[in-house]
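Undergrad: Following this message is one structure expressed as structure tokens.
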Amino acid sequence: MSAVFELDDVTVIRSGKKLLDSVSWTVRAGEHWVVIGPNGAGKTTLMQILGASLHPTSGRVRILDETLGQVDVFELRTRIGHTSTVVSERIPARESVRNVVLSAAYAVVGRWNEEYDEHDFGRVDQLLAELGIASLADRTFGTLSEGEKKRVLIARALMTDPEAVLLDEPGAGLDLGAREDLLASLDVLSSDPAGAAFVLVTHHVEEIPQGFTHALVLADGKVVGRGPLREVLTSDVLSNAFGQRLELREDRGRFTARRQPAARRAAS
Ligand SMILES: Nc1ncnc2c1ncn2[C@@H]1O[C@H](COP(=O)(O)OP(=O)(O)OP(=O)(O)O)[C@@H](O)[C@H]1O
């Protein structure tokens with residue numbers, strides 16, 4: 001495979017506004033990208049393109065060696081695991097956790113008359129165990145906490161052994177403990193060198209899992225940084241993207257960012 005995702009001069013225009021503006025970007029097998037940028041930067045729009053659920057206004061998109069616009073997107077989507085609030089909202093509240101994960105094998109939400117085999121059931125059990133939620137298998141999705149739902153959705157995204165996994169703000173709405181649990185799971189999942197390529201959208205540098213290798217920084221629909229994580233994720237690039245003077249620090253593989261205090265006025 002030449003690239004998992006390849007975007008060439010991609011622009012998305014809605015109501016006269018450029019949601020994405022000439023974005024060129026390549027994600028190769030084995031790479032794990034974090035996408036970061038301020039509110040309205042175009043991150044979710046970009047994830048919809050990668051998930052083959054949105055076509056660009058102009059530019060070329062290649063996904064898993066297929067060209068968007070010339071491929072059966074339903075077939076393509078089964079090769080991409082995708083978690084987002086949109087996916088979460090489509091899941092019936094009364095569906096069991098086991099079935100939420102299982103039904104990903106047919107890229108449907110809500111189990112009906114599909115046929116599943118022993119391998120499918122075994123895979124569900126394995127994923128629920130890996131994400132630390134085996135005890136929730138028989139609970140209904142609607143009764144879960146936000147953190148539990150996020151983990152179920154990640155298990156669902158991994159069910160088909162996808163070649164690419166898209167995680168749109170997996171840490172949003174989680175308390176400190178749930179976020180740390182989720183990060184620990186993502187650290188493990190992203191450490192398999194032969195595993196899927198991950199693309200994770202976040203608002204917070206604290207939520208970048210340790211195994212992530214690259215960063216794409218967006219602002220106002222444009223790429224303001226793209227490349228290996230520690231080359232791109234710098235105080236200067238973040239300050240430029242967020243329009244304020246930010247200071248980025250790294251401690252044992254975890255990042256923090258805060259606004260630099262205003263310089264003191266010289267004593268008069
Ligand atoms: N149909 C539309 N018409 C006009 N503007 C739109 C439309 N859909 C989205 N937008 C705007 O496009 C911009 C990018 O939206 P998008 O959801 O991709 O940003 P985002 O980076 O994910 O933002 P957030 O961090 O707030 O979730 C936003 O300013 C949004 O208001």
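Each chain in the structure tokens gets a letter, A, B, ..., in the order shown, and its residues are numbered from 1; ligands are numbered from 1 in order too.
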Can you work out which residues are within 10 Å of ligand 1, considering only C-alpha atoms and all ligand atoms, and then hand them over as a ChimeraX atom specification?
TA: /A:12-20,35-48,168-169,201-203,218-221
Undergrad: DSSP says helix (DSSP H, G or I) for which residues of region 107-172 of chain A? Put them as an MDAnalysis selection string?
TA: chainID A and resid 118:130 134:136 141:143 146:158
Undergrad: Since we have the selection now, will you write its residues out, keeping N, CA and C atoms, as a tab-separated table (two decimals), in the first residue's frame?
TA:
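Output file part.tsv follows:
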```
chain	number	residue	atom	x	y	z
A	118	GLU	N	-18.32	-17.98	15.40
A	118	GLU	CA	-17.56	-18.06	16.65
A	118	GLU	C	-16.42	-17.05	16.70
A	119	HIS	N	-15.78	-16.87	15.52
A	119	HIS	CA	-14.66	-15.93	15.46
A	119	HIS	C	-15.14	-14.52	15.85
A	120	ASP	N	-16.32	-14.12	15.33
A	120	ASP	CA	-16.84	-12.78	15.63
A	120	ASP	C	-17.08	-12.62	17.14
A	121	PHE	N	-17.73	-13.62	17.75
A	121	PHE	CA	-18.03	-13.53	19.18
A	121	PHE	C	-16.73	-13.51	20.01
A	122	GLY	N	-15.76	-14.31	19.56
A	122	GLY	CA	-14.46	-14.34	20.26
A	122	GLY	C	-13.74	-13.01	20.15
A	123	ARG	N	-13.84	-12.40	18.98
A	123	ARG	CA	-13.19	-11.09	18.76
A	123	ARG	C	-13.82	-10.03	19.69
A	124	VAL	N	-15.14	-10.06	19.83
A	124	VAL	CA	-15.81	-9.10	20.72
A	124	VAL	C	-15.28	-9.26	22.14
A	125	ASP	N	-15.24	-10.49	22.62
A	125	ASP	CA	-14.77	-10.73	23.99
A	125	ASP	C	-13.34	-10.24	24.17
A	126	GLN	N	-12.51	-10.50	23.15
A	126	GLN	CA	-11.10	-10.09	23.22
A	126	GLN	C	-10.98	-8.57	23.31
A	127	LEU	N	-11.75	-7.87	22.46
A	127	LEU	CA	-11.67	-6.40	22.44
A	127	LEU	C	-12.20	-5.79	23.74
A	128	LEU	N	-13.32	-6.34	24.23
A	128	LEU	CA	-13.87	-5.80	25.49
A	128	LEU	C	-12.85	-5.99	26.62
A	129	ALA	N	-12.16	-7.13	26.60
A	129	ALA	CA	-11.14	-7.37	27.63
A	129	ALA	C	-9.98	-6.39	27.46
A	130	GLU	N	-9.53	-6.20	26.22
A	130	GLU	CA	-8.39	-5.30	25.98
A	130	GLU	C	-8.70	-3.88	26.43
A	134	ALA	N	-14.89	-5.76	29.88
A	134	ALA	CA	-15.52	-7.09	29.71
A	134	ALA	C	-16.77	-7.21	30.58
A	135	SER	N	-16.75	-6.58	31.74
A	135	SER	CA	-17.90	-6.71	32.65
A	135	SER	C	-19.14	-5.98	32.14
A	136	LEU	N	-18.98	-5.16	31.10
A	136	LEU	CA	-20.12	-4.39	30.59
A	136	LEU	C	-20.83	-5.08	29.42
A	141	PHE	N	-26.33	0.02	25.93
A	141	PHE	CA	-25.46	1.15	25.62
A	141	PHE	C	-25.94	2.43	26.31
A	142	GLY	N	-27.26	2.62	26.34
A	142	GLY	CA	-27.83	3.85	26.90
A	142	GLY	C	-27.59	4.02	28.39
A	143	THR	N	-27.23	2.95	29.09
A	143	THR	CA	-27.01	3.05	30.54
A	143	THR	C	-25.55	3.33	30.90
A	146	GLU	N	-20.19	8.27	30.00
A	146	GLU	CA	-19.50	8.75	28.79
A	146	GLU	C	-18.19	8.00	28.55
A	147	GLY	N	-17.43	7.79	29.63
A	147	GLY	CA	-16.14	7.10	29.50
A	147	GLY	C	-16.32	5.67	29.03
A	148	GLU	N	-17.35	5.01	29.57
A	148	GLU	CA	-17.62	3.62	29.16
A	148	GLU	C	-18.06	3.58	27.70
A	149	LYS	N	-18.90	4.54	27.30
A	149	LYS	CA	-19.33	4.58	25.89
A	149	LYS	C	-18.14	4.76	24.96
A	150	LYS	N	-17.23	5.63	25.34
A	150	LYS	CA	-16.05	5.89	24.49
A	150	LYS	C	-15.26	4.61	24.27
A	151	ARG	N	-15.11	3.82	25.32
A	151	ARG	CA	-14.35	2.58	25.19
A	151	ARG	C	-15.08	1.57	24.32
A	152	VAL	N	-16.40	1.50	24.48
A	152	VAL	CA	-17.19	0.58	23.65
A	152	VAL	C	-17.05	0.98	22.17
A	153	LEU	N	-17.07	2.28	21.92
A	153	LEU	CA	-16.96	2.74	20.52
A	153	LEU	C	-15.59	2.42	19.93
A	154	ILE	N	-14.56	2.47	20.77
A	154	ILE	CA	-13.23	2.12	20.26
A	154	ILE	C	-13.19	0.62	19.96
A	155	ALA	N	-13.77	-0.19	20.86
A	155	ALA	CA	-13.83	-1.64	20.60
A	155	ALA	C	-14.57	-1.89	19.27
A	156	ARG	N	-15.68	-1.17	19.08
A	156	ARG	CA	-16.45	-1.31	17.84
A	156	ARG	C	-15.60	-0.92	16.62
A	157	ALA	N	-14.84	0.17	16.77
A	157	ALA	CA	-14.01	0.65	15.65
A	157	ALA	C	-12.94	-0.37	15.27
A	158	LEU	N	-12.51	-1.19	16.26
A	158	LEU	CA	-11.43	-2.15	16.00
A	158	LEU	C	-11.95	-3.52	15.56
```
Undergrad: Can you list, as number ranges by chain, every protein, DNA or RNA residue that comes within 7 Å of region 242-246 of chain A when you count only C-alpha atoms, leaving out same-chain residues fewer than 3 positions away?
TA: A: 38, 235, 238-239, 257-260
Undergrad: May I ask which of the residues A:Leu233, A:Leu166, A:Leu183, A:Ile133 is the closest one to Val87 (chain A), counting only C-alpha atoms?
TA: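 Answer, going by the shortest atom-to-atom distance: A:Leu166.
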Undergrad: Given the choices A:Glu231, A:Asp138, A:Glu163, A:Glu180, which gets closest to Arg94 (chain A) if the distance is worked out from only C-alpha atoms?
TA: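 Comparing A:Glu231, A:Asp138, A:Glu163, A:Glu180 against Arg94 (chain A), the winner is A:Asp138.
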Undergrad: Go through region 9-183 of chain A and collect every residue that DSSP, computed from the backbone, puts in strand (DSSP E); the answer should be as a PyMOL selection string.
TA: chain A and resi 9-14+17-27+32-36+58-63+66-67+80-83+164-168
Undergrad: Those residues you just picked out, can you put them in a file as a tab-separated table (two decimals), in the first residue's frame with N, CA and C atoms?
TA:
```
chain	number	residue	atom	x	y	z
A	9	ASP	N	-4.33	18.81	-2.23
A	9	ASP	CA	-4.98	20.11	-2.49
A	9	ASP	C	-6.50	20.06	-2.26
A	10	VAL	N	-6.88	19.51	-1.10
A	10	VAL	CA	-8.30	19.29	-0.81
A	10	VAL	C	-8.96	20.55	-0.22
A	11	THR	N	-10.04	20.96	-0.84
A	11	THR	CA	-10.81	22.11	-0.34
A	11	THR	C	-12.27	21.68	-0.18
A	12	VAL	N	-12.87	22.09	0.94
A	12	VAL	CA	-14.30	21.84	1.16
A	12	VAL	C	-14.97	23.19	1.39
A	13	ILE	N	-15.95	23.51	0.58
A	13	ILE	CA	-16.66	24.78	0.71
A	13	ILE	C	-18.13	24.51	1.03
A	14	ARG	N	-18.64	25.17	2.07
A	14	ARG	CA	-20.06	25.09	2.42
A	14	ARG	C	-20.56	26.51	2.67
A	17	LYS	N	-18.17	29.24	2.63
A	17	LYS	CA	-17.04	29.25	3.58
A	17	LYS	C	-16.12	28.07	3.30
A	18	LYS	N	-14.79	28.32	3.35
A	18	LYS	CA	-13.82	27.24	3.14
A	18	LYS	C	-13.60	26.51	4.47
A	19	LEU	N	-14.20	25.33	4.62
A	19	LEU	CA	-14.01	24.53	5.85
A	19	LEU	C	-12.63	23.90	5.86
A	20	LEU	N	-12.18	23.48	4.67
A	20	LEU	CA	-10.79	23.03	4.47
A	20	LEU	C	-10.27	23.79	3.26
A	21	ASP	N	-9.00	24.24	3.38
A	21	ASP	CA	-8.47	25.14	2.36
A	21	ASP	C	-7.14	24.58	1.84
A	22	SER	N	-7.18	23.93	0.69
A	22	SER	CA	-5.96	23.41	0.03
A	22	SER	C	-5.12	22.53	0.95
A	23	VAL	N	-5.76	21.54	1.54
A	23	VAL	CA	-5.05	20.64	2.47
A	23	VAL	C	-4.38	19.50	1.68
A	24	SER	N	-3.08	19.39	1.84
A	24	SER	CA	-2.33	18.26	1.27
A	24	SER	C	-1.67	17.53	2.44
A	25	TRP	N	-1.83	16.20	2.45
A	25	TRP	CA	-1.41	15.47	3.66
A	25	TRP	C	-1.35	13.98	3.32
A	26	THR	N	-0.32	13.30	3.79
A	26	THR	CA	-0.21	11.86	3.56
A	26	THR	C	-0.01	11.14	4.89
A	27	VAL	N	-0.79	10.09	5.12
A	27	VAL	CA	-0.64	9.22	6.29
A	27	VAL	C	-0.20	7.85	5.77
A	32	HIS	N	0.97	7.11	13.37
A	32	HIS	CA	-0.17	7.48	14.22
A	32	HIS	C	-0.17	9.00	14.36
A	33	TRP	N	-1.22	9.62	13.83
A	33	TRP	CA	-1.27	11.08	13.75
A	33	TRP	C	-2.25	11.66	14.77
A	34	VAL	N	-1.84	12.76	15.39
A	34	VAL	CA	-2.79	13.55	16.16
A	34	VAL	C	-3.11	14.78	15.32
A	35	VAL	N	-4.41	15.14	15.28
A	35	VAL	CA	-4.84	16.35	14.57
A	35	VAL	C	-5.32	17.33	15.63
A	36	ILE	N	-4.72	18.49	15.66
A	36	ILE	CA	-5.03	19.47	16.70
A	36	ILE	C	-5.24	20.84	16.07
A	58	SER	N	-13.11	20.33	-4.08
A	58	SER	CA	-12.06	20.16	-5.09
A	58	SER	C	-10.88	19.45	-4.45
A	59	GLY	N	-10.00	18.92	-5.31
A	59	GLY	CA	-8.83	18.18	-4.81
A	59	GLY	C	-9.07	16.69	-4.90
A	60	ARG	N	-8.00	15.95	-4.64
A	60	ARG	CA	-8.07	14.49	-4.79
A	60	ARG	C	-7.84	13.80	-3.45
A	61	VAL	N	-8.67	12.78	-3.16
A	61	VAL	CA	-8.52	12.03	-1.90
A	61	VAL	C	-8.32	10.56	-2.25
A	62	ARG	N	-7.21	9.97	-1.79
A	62	ARG	CA	-6.97	8.53	-1.93
A	62	ARG	C	-7.06	7.91	-0.53
A	63	ILE	N	-7.86	6.87	-0.40
A	63	ILE	CA	-8.01	6.18	0.88
A	63	ILE	C	-7.74	4.70	0.64
A	66	GLU	N	-7.62	3.57	-2.85
A	66	GLU	CA	-8.81	3.82	-3.68
A	66	GLU	C	-9.00	5.34	-3.78
A	67	THR	N	-9.57	5.76	-4.89
A	67	THR	CA	-9.81	7.19	-5.07
A	67	THR	C	-11.26	7.51	-4.74
A	80	ILE	N	-12.27	0.94	7.59
A	80	ILE	CA	-11.86	2.08	8.44
A	80	ILE	C	-12.69	2.05	9.72
A	81	GLY	N	-12.04	2.00	10.87
A	81	GLY	CA	-12.76	2.11	12.14
A	81	GLY	C	-12.94	3.59	12.47
A	82	HIS	N	-14.15	3.99	12.88
A	82	HIS	CA	-14.41	5.42	13.09
A	82	HIS	C	-15.20	5.62	14.37
A	83	THR	N	-14.66	6.39	15.31
A	83	THR	CA	-15.46	6.76	16.48
A	83	THR	C	-15.69	8.26	16.47
A	164	ALA	N	-7.22	1.38	9.13
A	164	ALA	CA	-7.09	2.73	9.67
A	164	ALA	C	-8.16	2.94	10.73
A	165	VAL	N	-7.82	3.69	11.79
A	165	VAL	CA	-8.77	3.97	12.86
A	165	VAL	C	-8.83	5.48	13.07
A	166	LEU	N	-10.05	6.03	13.03
A	166	LEU	CA	-10.25	7.46	13.23
A	166	LEU	C	-10.91	7.69	14.58
A	167	LEU	N	-10.28	8.48	15.43
A	167	LEU	CA	-10.82	8.74	16.77
A	167	LEU	C	-11.05	10.24	16.89
A	168	ASP	N	-12.30	10.65	16.88
A	168	ASP	CA	-12.62	12.08	16.93
A	168	ASP	C	-12.92	12.48	18.37
```
Undergrad: So that I can see what lies close to Asp192 (chain A), please list as a list in words the residues with an atom at most 9 Å from it, counting only C-alpha atoms and leaving out residues fewer than 4 positions away in the same chain.
TA: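 Skipping anything fewer than 4 positions along the chain leaves Gly30, Val188, Ala196 and Gly211 of chain A.
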Undergrad: Interatomic distance between CA of Asn99 (chain A) and CA of Pro170 (chain A)?
TA: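 Between CA of Asn99 (chain A) and CA of Pro170 (chain A) the gap works out to 20.5 Å.
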